>>> print(open('upload-v3.pdb').read())   # PDB, C-alpha atoms and all ligand atoms
ATOM      1  CA  MET A   1      12.580  62.556-130.164
ATOM      2  CA  TYR A   2      12.130  59.227-128.399
ATOM      3  CA  PRO A   3       8.659  59.924-126.947
ATOM      4  CA  ARG A   4       7.566  61.115-130.392
ATOM      5  CA  VAL A   5       8.648  57.882-132.083
ATOM      6  CA  ARG A   6       6.890  55.844-129.413
ATOM      7  CA  ALA A   7       3.766  57.960-129.685
ATOM      8  CA  GLN A   8       3.745  57.505-133.465
ATOM      9  CA  LEU A   9       4.150  53.729-133.136
ATOM     10  CA  ARG A  10       1.306  53.539-130.610
ATOM     11  CA  GLU A  11      -0.805  55.736-132.873
ATOM     12  CA  LYS A  12      -0.444  53.139-135.634
ATOM     13  CA  LEU A  13      -1.603  50.383-133.288
ATOM     14  CA  GLN A  14      -4.765  52.105-132.135
ATOM     15  CA  ASP A  15      -7.854  50.920-133.929
ATOM     16  CA  LYS A  16     -11.147  52.541-134.712
ATOM     17  CA  THR A  17     -13.401  50.344-132.570
ATOM     18  CA  ILE A  18     -14.647  53.118-130.308
ATOM     19  CA  PHE A  19     -15.433  55.468-133.186
ATOM     20  CA  ASN A  20     -17.389  52.777-134.982
ATOM     21  CA  LEU A  21     -19.381  52.016-131.839
ATOM     22  CA  PHE A  22     -20.141  55.558-130.696
ATOM     23  CA  ARG A  23     -20.743  57.996-133.479
ATOM     24  CA  GLN A  24     -21.058  61.660-132.520
ATOM     25  CA  PHE A  25     -20.619  60.992-128.783
ATOM     26  CA  ARG A  26     -21.405  64.073-126.679
ATOM     27  CA  GLY A  27     -20.526  64.752-123.079
ATOM     28  CA  ASP A  28     -17.452  64.540-120.872
ATOM     29  CA  ILE A  29     -14.832  61.884-121.573
ATOM     30  CA  LEU A  30     -11.901  60.893-119.376
ATOM     31  CA  ASP A  31      -8.997  59.110-121.080
ATOM     32  CA  LEU A  32      -7.349  57.570-118.026
ATOM     33  CA  GLY A  33      -3.686  56.608-118.346
ATOM     34  CA  CYS A  34      -3.513  58.659-121.544
ATOM     35  CA  GLY A  35       0.287  58.555-121.866
ATOM     36  CA  TYR A  36       1.434  60.998-124.559
ATOM     37  CA  GLY A  37      -2.202  61.671-125.417
ATOM     38  CA  THR A  38      -2.466  60.204-128.912
ATOM     39  CA  PHE A  39      -5.763  58.467-128.141
ATOM     40  CA  SER A  40      -7.114  61.543-126.300
ATOM     41  CA  ILE A  41      -6.363  63.635-129.391
ATOM     42  CA  LYS A  42      -8.242  61.136-131.545
ATOM     43  CA  LEU A  43     -11.171  61.249-129.137
ATOM     44  CA  ALA A  44     -11.289  65.056-129.230
ATOM     45  CA  TYR A  45     -10.981  65.084-133.024
ATOM     46  CA  ASN A  46     -13.632  62.427-133.676
ATOM     47  CA  PHE A  47     -16.067  63.543-130.970
ATOM     48  CA  LYS A  48     -16.114  67.271-131.656
ATOM     49  CA  ASN A  49     -19.091  67.848-129.353
ATOM     50  CA  ALA A  50     -17.423  66.136-126.418
ATOM     51  CA  ARG A  51     -15.028  67.569-123.844
ATOM     52  CA  VAL A  52     -12.038  65.283-123.372
ATOM     53  CA  ILE A  53      -9.677  65.150-120.400
ATOM     54  CA  GLY A  54      -6.522  63.059-120.700
ATOM     55  CA  ALA A  55      -5.027  62.076-117.350
ATOM     56  CA  ASP A  56      -1.852  60.195-116.536
ATOM     57  CA  ILE A  57       0.352  59.653-113.497
ATOM     58  CA  ASN A  58       3.464  60.496-115.517
ATOM     59  CA  GLN A  59       4.169  64.238-115.447
ATOM     60  CA  GLU A  60       6.587  64.190-118.375
ATOM     61  CA  LYS A  61       4.097  62.438-120.659
ATOM     62  CA  ILE A  62       1.420  64.983-119.752
ATOM     63  CA  GLN A  63       3.801  67.807-120.642
ATOM     64  CA  TRP A  64       4.385  66.249-124.078
ATOM     65  CA  ALA A  65       0.652  65.718-124.511
ATOM     66  CA  LYS A  66      -0.049  69.392-123.738
ATOM     67  CA  VAL A  67       2.491  70.543-126.313
ATOM     68  CA  ALA A  68       1.104  68.197-128.975
ATOM     69  CA  SER A  69      -2.492  69.333-128.442
ATOM     70  CA  LYS A  70      -2.256  73.036-127.708
ATOM     71  CA  ASN A  71      -4.700  74.134-130.439
ATOM     72  CA  ILE A  72      -7.414  71.580-129.753
ATOM     73  CA  PRO A  73     -10.250  73.415-127.975
ATOM     74  CA  ASN A  74     -12.145  70.435-126.506
ATOM     75  CA  LEU A  75      -9.105  68.734-124.948
ATOM     76  CA  GLU A  76      -7.239  69.195-121.659
ATOM     77  CA  PHE A  77      -4.591  67.184-119.893
ATOM     78  CA  GLU A  78      -3.778  66.735-116.248
ATOM     79  CA  VAL A  79      -1.526  64.682-113.994
ATOM     80  CA  ARG A  80      -3.593  62.243-111.958
ATOM     81  CA  ASP A  81      -3.180  58.863-110.314
ATOM     82  CA  ALA A  82      -5.855  56.281-111.099
ATOM     83  CA  PHE A  83      -5.607  55.081-107.485
ATOM     84  CA  SER A  84      -6.664  58.450-106.122
ATOM     85  CA  LEU A  85      -8.868  59.751-108.909
ATOM     86  CA  GLY A  86     -11.191  61.735-106.683
ATOM     87  CA  TYR A  87     -13.822  62.363-109.395
ATOM     88  CA  LYS A  88     -17.473  61.942-108.443
ATOM     89  CA  GLU A  89     -20.053  61.392-111.199
ATOM     90  CA  LEU A  90     -18.320  63.777-113.617
ATOM     91  CA  PHE A  91     -17.908  61.768-116.806
ATOM     92  CA  ASP A  92     -20.200  60.292-119.442
ATOM     93  CA  MET A  93     -17.425  58.020-120.654
ATOM     94  CA  VAL A  94     -14.096  56.781-119.284
ATOM     95  CA  CYS A  95     -11.557  55.154-121.601
ATOM     96  CA  LEU A  96      -8.937  52.834-120.124
ATOM     97  CA  VAL A  97      -6.692  51.793-122.977
ATOM     98  CA  ASP A  98      -3.577  49.666-122.434
ATOM     99  CA  VAL A  99      -3.199  50.763-118.831
ATOM    100  CA  LEU A 100      -4.220  47.860-116.635
ATOM    101  CA  HIS A 101      -1.344  45.538-117.529
ATOM    102  CA  HIS A 102       0.941  48.169-115.968
ATOM    103  CA  VAL A 103      -0.857  47.753-112.662
ATOM    104  CA  PRO A 104      -0.531  44.752-110.303
ATOM    105  CA  ARG A 105      -3.458  42.376-110.886
ATOM    106  CA  LYS A 106      -4.560  42.582-107.244
ATOM    107  CA  GLN A 107      -5.178  46.316-107.700
ATOM    108  CA  HIS A 108      -7.286  46.172-110.874
ATOM    109  CA  ARG A 109     -10.513  46.147-108.909
ATOM    110  CA  SER A 110      -9.654  49.320-107.064
ATOM    111  CA  ILE A 111      -9.093  51.149-110.374
ATOM    112  CA  PHE A 112     -12.458  49.950-111.707
ATOM    113  CA  SER A 113     -14.055  51.087-108.463
ATOM    114  CA  ASN A 114     -12.596  54.594-108.887
ATOM    115  CA  ILE A 115     -13.779  54.686-112.506
ATOM    116  CA  HIS A 116     -17.254  53.625-111.388
ATOM    117  CA  GLU A 117     -17.286  56.530-108.963
ATOM    118  CA  ALA A 118     -16.046  58.958-111.637
ATOM    119  CA  LEU A 119     -18.834  58.041-114.068
ATOM    120  CA  LYS A 120     -22.274  59.586-114.120
ATOM    121  CA  PRO A 121     -25.156  57.087-113.774
ATOM    122  CA  ASN A 122     -25.399  55.062-117.030
ATOM    123  CA  GLY A 123     -21.929  56.338-118.039
ATOM    124  CA  ILE A 124     -19.822  54.150-120.315
ATOM    125  CA  LEU A 125     -16.464  52.479-119.691
ATOM    126  CA  PHE A 126     -14.465  51.673-122.819
ATOM    127  CA  TYR A 127     -11.722  49.264-121.804
ATOM    128  CA  ARG A 128      -9.001  47.687-123.903
ATOM    129  CA  ASP A 129      -5.959  45.715-122.846
ATOM    130  CA  ILE A 130      -3.663  42.928-123.953
ATOM    131  CA  ASP A 131      -5.383  39.567-124.124
ATOM    132  CA  THR A 132      -3.832  36.676-122.200
ATOM    133  CA  SER A 133      -5.079  33.923-124.448
ATOM    134  CA  HIS A 134      -2.994  34.697-127.540
ATOM    135  CA  PHE A 135       0.716  33.941-127.939
ATOM    136  CA  LEU A 136       1.266  37.372-129.519
ATOM    137  CA  ARG A 137       1.015  38.830-125.995
ATOM    138  CA  HIS A 138       4.725  37.992-125.779
ATOM    139  CA  TRP A 139       5.438  40.892-128.153
ATOM    140  CA  ASN A 140       4.025  43.224-125.567
ATOM    141  CA  THR A 141       5.934  41.522-122.747
ATOM    142  CA  LEU A 142       9.146  42.039-124.712
ATOM    143  CA  HIS A 143       8.198  45.632-125.503
ATOM    144  CA  ASP A 144       7.471  46.459-121.838
ATOM    145  CA  ALA A 145      10.558  44.651-120.566
ATOM    146  CA  LEU A 146      12.889  46.426-123.007
ATOM    147  CA  LEU A 147      11.347  49.892-123.079
ATOM    148  CA  ASN A 148       9.725  50.263-119.666
ATOM    149  CA  TRP A 149      11.750  47.814-117.575
ATOM    150  CA  THR A 150       8.524  46.294-116.282
ATOM    151  CA  ILE A 151       6.899  42.887-116.514
ATOM    152  CA  PRO A 152       3.256  43.309-117.515
ATOM    153  CA  GLN A 153       0.431  41.600-115.607
ATOM    154  CA  TYR A 154      -2.246  40.353-117.978
ATOM    155  CA  GLN A 155      -5.709  39.241-117.063
ATOM    156  CA  ASP A 156      -8.057  36.982-119.006
ATOM    157  CA  LEU A 157     -11.277  38.433-120.371
ATOM    158  CA  GLN A 158     -13.559  36.409-118.069
ATOM    159  CA  SER A 159     -11.752  37.726-114.959
ATOM    160  CA  THR A 160     -12.007  41.289-116.286
ATOM    161  CA  ILE A 161     -15.744  40.840-116.837
ATOM    162  CA  LEU A 162     -16.164  39.310-113.373
ATOM    163  CA  ILE A 163     -14.528  42.168-111.493
ATOM    164  CA  LEU A 164     -16.327  44.771-113.585
ATOM    165  CA  THR A 165     -19.632  43.080-112.775
ATOM    166  CA  LEU A 166     -18.749  42.995-109.070
ATOM    167  CA  GLU A 167     -17.965  46.714-109.242
ATOM    168  CA  GLY A 168     -21.453  47.467-110.563
ATOM    169  CA  PHE A 169     -21.032  47.568-114.337
ATOM    170  CA  LEU A 170     -23.496  46.163-116.813
ATOM    171  CA  MET A 171     -21.786  44.413-119.745
ATOM    172  CA  LEU A 172     -22.775  45.816-123.133
ATOM    173  CA  LYS A 173     -20.165  44.202-125.349
ATOM    174  CA  SER A 174     -16.967  42.209-124.897
ATOM    175  CA  PHE A 175     -14.732  40.568-127.457
ATOM    176  CA  GLU A 176     -11.180  39.678-128.384
ATOM    177  CA  ALA A 177      -9.526  41.118-131.465
ATOM    178  CA  ARG A 178      -6.073  41.566-132.891
ATOM    179  CA  THR A 179      -4.642  44.782-134.290
ATOM    180  CA  PHE A 180      -1.295  44.636-136.091
ATOM    181  CA  LEU A 181       1.030  42.729-133.701
ATOM    182  CA  TYR A 182      -0.982  42.820-130.506
ATOM    183  CA  PRO A 183      -3.914  40.690-129.276
ATOM    184  CA  TYR A 184      -6.526  42.704-127.401
ATOM    185  CA  GLN A 185      -9.540  42.205-125.205
ATOM    186  CA  TYR A 186     -12.294  44.805-125.252
ATOM    187  CA  VAL A 187     -15.076  45.480-122.804
ATOM    188  CA  ILE A 188     -17.718  48.145-123.225
ATOM    189  CA  CYS A 189     -19.915  48.394-120.153
ATOM    190  CA  GLN A 190     -22.224  50.793-118.389
ATOM    191  CA  LYS A 191     -22.435  52.042-114.823
ATOM    192  CA  LYS A 192     -25.564  50.657-113.269
ATOM    193  CA  THR A 193     -27.502  53.183-111.229
ATOM    194  CA  GLU A 194     -27.412  50.781-108.275
ATOM    195  CA  LYS A 195     -24.536  48.382-107.448
TER
HETATM  196  C1  LIG A 201       0.950  51.720-122.414
HETATM  197  S1  LIG A 201       0.622  53.329-121.830
HETATM  198  C2  LIG A 201      -0.936  53.619-122.625
HETATM  199  C3  LIG A 201      -1.096  55.059-122.989
HETATM  200  C4  LIG A 201      -2.403  55.404-123.717
HETATM  201  N1  LIG A 201      -3.586  54.948-123.014
HETATM  202  C5  LIG A 201      -2.382  54.914-125.130
HETATM  203  O1  LIG A 201      -3.068  53.915-125.423
HETATM  204  O2  LIG A 201      -1.681  55.515-125.948
HETATM  205  C6  LIG A 201       0.134  53.087-120.143
HETATM  206  C7  LIG A 201      -0.023  54.384-119.385
HETATM  207  O3  LIG A 201      -0.635  54.137-118.114
HETATM  208  C8  LIG A 201      -0.113  55.087-117.214
HETATM  209  N2  LIG A 201      -0.363  54.668-115.846
HETATM  210  C9  LIG A 201       0.134  53.597-115.184
HETATM  211  N3  LIG A 201      -0.299  53.567-113.917
HETATM  212  C10 LIG A 201      -1.108  54.662-113.758
HETATM  213  C11 LIG A 201      -1.848  55.214-112.660
HETATM  214  N4  LIG A 201      -1.831  54.620-111.461
HETATM  215  N5  LIG A 201      -2.548  56.329-112.852
HETATM  216  C12 LIG A 201      -2.562  56.952-114.058
HETATM  217  N6  LIG A 201      -1.879  56.492-115.139
HETATM  218  C13 LIG A 201      -1.157  55.369-114.987
HETATM  219  C14 LIG A 201       1.359  55.115-117.574
HETATM  220  O4  LIG A 201       2.011  56.284-117.088
HETATM  221  C15 LIG A 201       1.314  55.053-119.091
HETATM  222  O5  LIG A 201       1.347  56.318-119.678
END
>>> encode(input="upload-v3.pdb", output="structure tokens")
Amino acid sequence: MYPRVRAQLREKLQDKTIFNLFRQFRGDILDLGCGYGTFSIKLAYNFKNARVIGADINQEKIQWAKVASKNIPNLEFEVRDAFSLGYKELFDMVCLVDVLHHVPRKQHRSIFSNIHEALKPNGILFYRDIDTSHFLRHWNTLHDALLNWTIPQYQDLQSTILILTLEGFLMLKSFEARTFLYPYQYVICQKKTEK
């Protein structure tokens, strides 16, 4: 019951930015750190001509995600650690939504490096996370402290852009926006063919 309530709450917080930006996206999409898979399901539903893989380090969440999505033909789930992704030029798009603040700041670059490797040349990274600059971030801190027993590590948008650039991404769009209670930063960038 509990994971379902949490999944439903998160579902309400997810916005439509990606679907407004990329209509009818085709190709292979990795939803990294997919949790219970609510965003992966939306990706598979909205991008019917894409093949979506949801991956998360948490085995239990992946089991729930598989149950919730068993009749969706263009969606699969698997247990995988973002630190040892091991994909080479397989995906046209990687989504990293609300994952990075669960990872120590010093290790953010290594995750972006693995994503860079997982993307095909010119592949897209769609990134969203909590924005440091808005006081409403404290809602998320409270949420993570109470529900996950962790203290989140936020990063400001300029630092995110800097490390993505150093990892060989070309910035296409970046902005800050608020959905419901949470302030977010977004970056949409593209893997350059040469670093
Ligand atoms: C706040 S949840 C976001 C879930 C999902 N992206 C969404 O928006 O509904 C963060 C997720 O990141 C996952 N995560 C944290 N560290 C990870 C890692 N090293 N590799 C893969 N997933 C990871 C957690 O297990 C958790 O499910």
>>> closest_atom_pairs(input="upload-v3.pdb", of="chain A", to="ligand LIG 201 (chain A)", cutoff="6 Å", atoms="all atoms listed in the file", output="Markdown table")
| residue | atom | partner | partner_atom | distance |
| --- | --- | --- | --- | --- |
| A:Arg10 | CA | A:LIG201 | O2 | 5.9 |
| A:Gly33 | CA | A:LIG201 | N6 | 3.7 |
| A:Cys34 | CA | A:LIG201 | N1 | 4.0 |
| A:Gly35 | CA | A:LIG201 | O5 | 3.3 |
| A:Thr38 | CA | A:LIG201 | O2 | 5.6 |
| A:Phe39 | CA | A:LIG201 | O2 | 5.5 |
| A:Asp56 | CA | A:LIG201 | N6 | 4.0 |
| A:Ile57 | CA | A:LIG201 | C12 | 4.0 |
| A:Asn58 | CA | A:LIG201 | O4 | 4.7 |
| A:Arg80 | CA | A:LIG201 | C12 | 5.8 |
| A:Asp81 | CA | A:LIG201 | N5 | 3.6 |
| A:Ala82 | CA | A:LIG201 | N5 | 3.7 |
| A:Phe83 | CA | A:LIG201 | N4 | 5.5 |
| A:Val97 | CA | A:LIG201 | N1 | 4.4 |
| A:Asp98 | CA | A:LIG201 | C2 | 4.8 |
| A:Val99 | CA | A:LIG201 | C6 | 4.3 |
| A:His102 | CA | A:LIG201 | C9 | 5.5 |
| A:Val103 | CA | A:LIG201 | N3 | 6.0 |
>>> atom_distance(input="upload-v3.pdb", atom1="CA of Leu119 in chain A", atom2="CA of Ala55 in chain A")
14.8 Å
>>> resolve_selection(input="upload-v3.pdb", expression="the PyMOL selection byres (((chain A and resi 164) around 12) and not hetatm)", output="ChimeraX atom specification")
/A:108-116,125-127,157-163,165-172,174,187-192,195
>>> atom_distance(input="upload-v3.pdb", atom1="CA of Gln155 in chain A", atom2="CA of Glu176 in chain A")
12.6 Å
>>> closest_residue(input="upload-v3.pdb", among="A:Gln107, A:Thr17, A:Ser84, A:Gln185", to="Gln153 in chain A", atoms="all atoms listed in the file")
A:Gln107
>>> atom_distance(input="upload-v3.pdb", atom1="CA of Gly54 in chain A", atom2="CA of Asp28 in chain A")
11.0 Å
>>> resolve_selection(input="upload-v3.pdb", expression="the PyMOL selection byres (((chain A and resi 143-147) around 12) and not hetatm)", output="PyMOL selection string")
chain A and resi 2-3+6+9-10+98-99+101-102+130+136-142+148-153+181-182
>>> residues_near_point(input="upload-v3.pdb", point="(-15.9, 71.5, -132.2)", cutoff="8 Å", atoms="only C-alpha atoms", output="count of residues only")
4
>>> residues_around(input="upload-v3.pdb", residues="range 62-71 of chain A", least_positions_apart="3", cutoff="7 Å", atoms="all atoms listed in the file", output="VMD selection string")
chain A and resid 35 to 37 41 56 58 to 59 77 to 79
>>> axis_aligned_box(input="upload-v3.pdb", around="range 77-92 of chain A", padding_each_side="5 Å", output="JSON")
{"center_x": -10.9, "center_y": 61.1, "center_z": -113.0, "size_x": 28.7, "size_y": 22.1, "size_z": 23.8}
>>> closest_residue(input="upload-v3.pdb", among="A:Lys42, A:Lys106, A:Lys120, A:Lys88", to="Tyr154 in chain A", atoms="all atoms listed in the file")
A:Lys106
>>> closest_residue(input="upload-v3.pdb", among="A:Glu89, A:Asp31, A:Asp156, A:Glu60", to="Thr193 in chain A", atoms="only C-alpha atoms")
A:Glu89
>>> closest_residue(input="upload-v3.pdb", among="A:Ser133, A:Ser40, A:Asn46, A:Thr179", to="Asn20 in chain A", atoms="all atoms listed in the file")
A:Asn46
>>> resolve_selection(input="upload-v3.pdb", expression="the PyMOL selection byres (((chain A and resi 94) around 7) and not hetatm)", output="PDB file with C-alpha atoms, in the frame of the given file")
ATOM      1  CA  ILE A  29     -14.832  61.884-121.573  1.00  0.00           C
ATOM      2  CA  LEU A  30     -11.901  60.893-119.376  1.00  0.00           C
ATOM      3  CA  ASP A  31      -8.997  59.110-121.080  1.00  0.00           C
ATOM      4  CA  LEU A  32      -7.349  57.570-118.026  1.00  0.00           C
ATOM      5  CA  PHE A  91     -17.908  61.768-116.806  1.00  0.00           C
ATOM      6  CA  MET A  93     -17.425  58.020-120.654  1.00  0.00           C
ATOM      7  CA  CYS A  95     -11.557  55.154-121.601  1.00  0.00           C
ATOM      8  CA  LEU A  96      -8.937  52.834-120.124  1.00  0.00           C
ATOM      9  CA  ILE A 124     -19.822  54.150-120.315  1.00  0.00           C
ATOM     10  CA  LEU A 125     -16.464  52.479-119.691  1.00  0.00           C
ATOM     11  CA  PHE A 126     -14.465  51.673-122.819  1.00  0.00           C
TER      12      PHE A 126
END
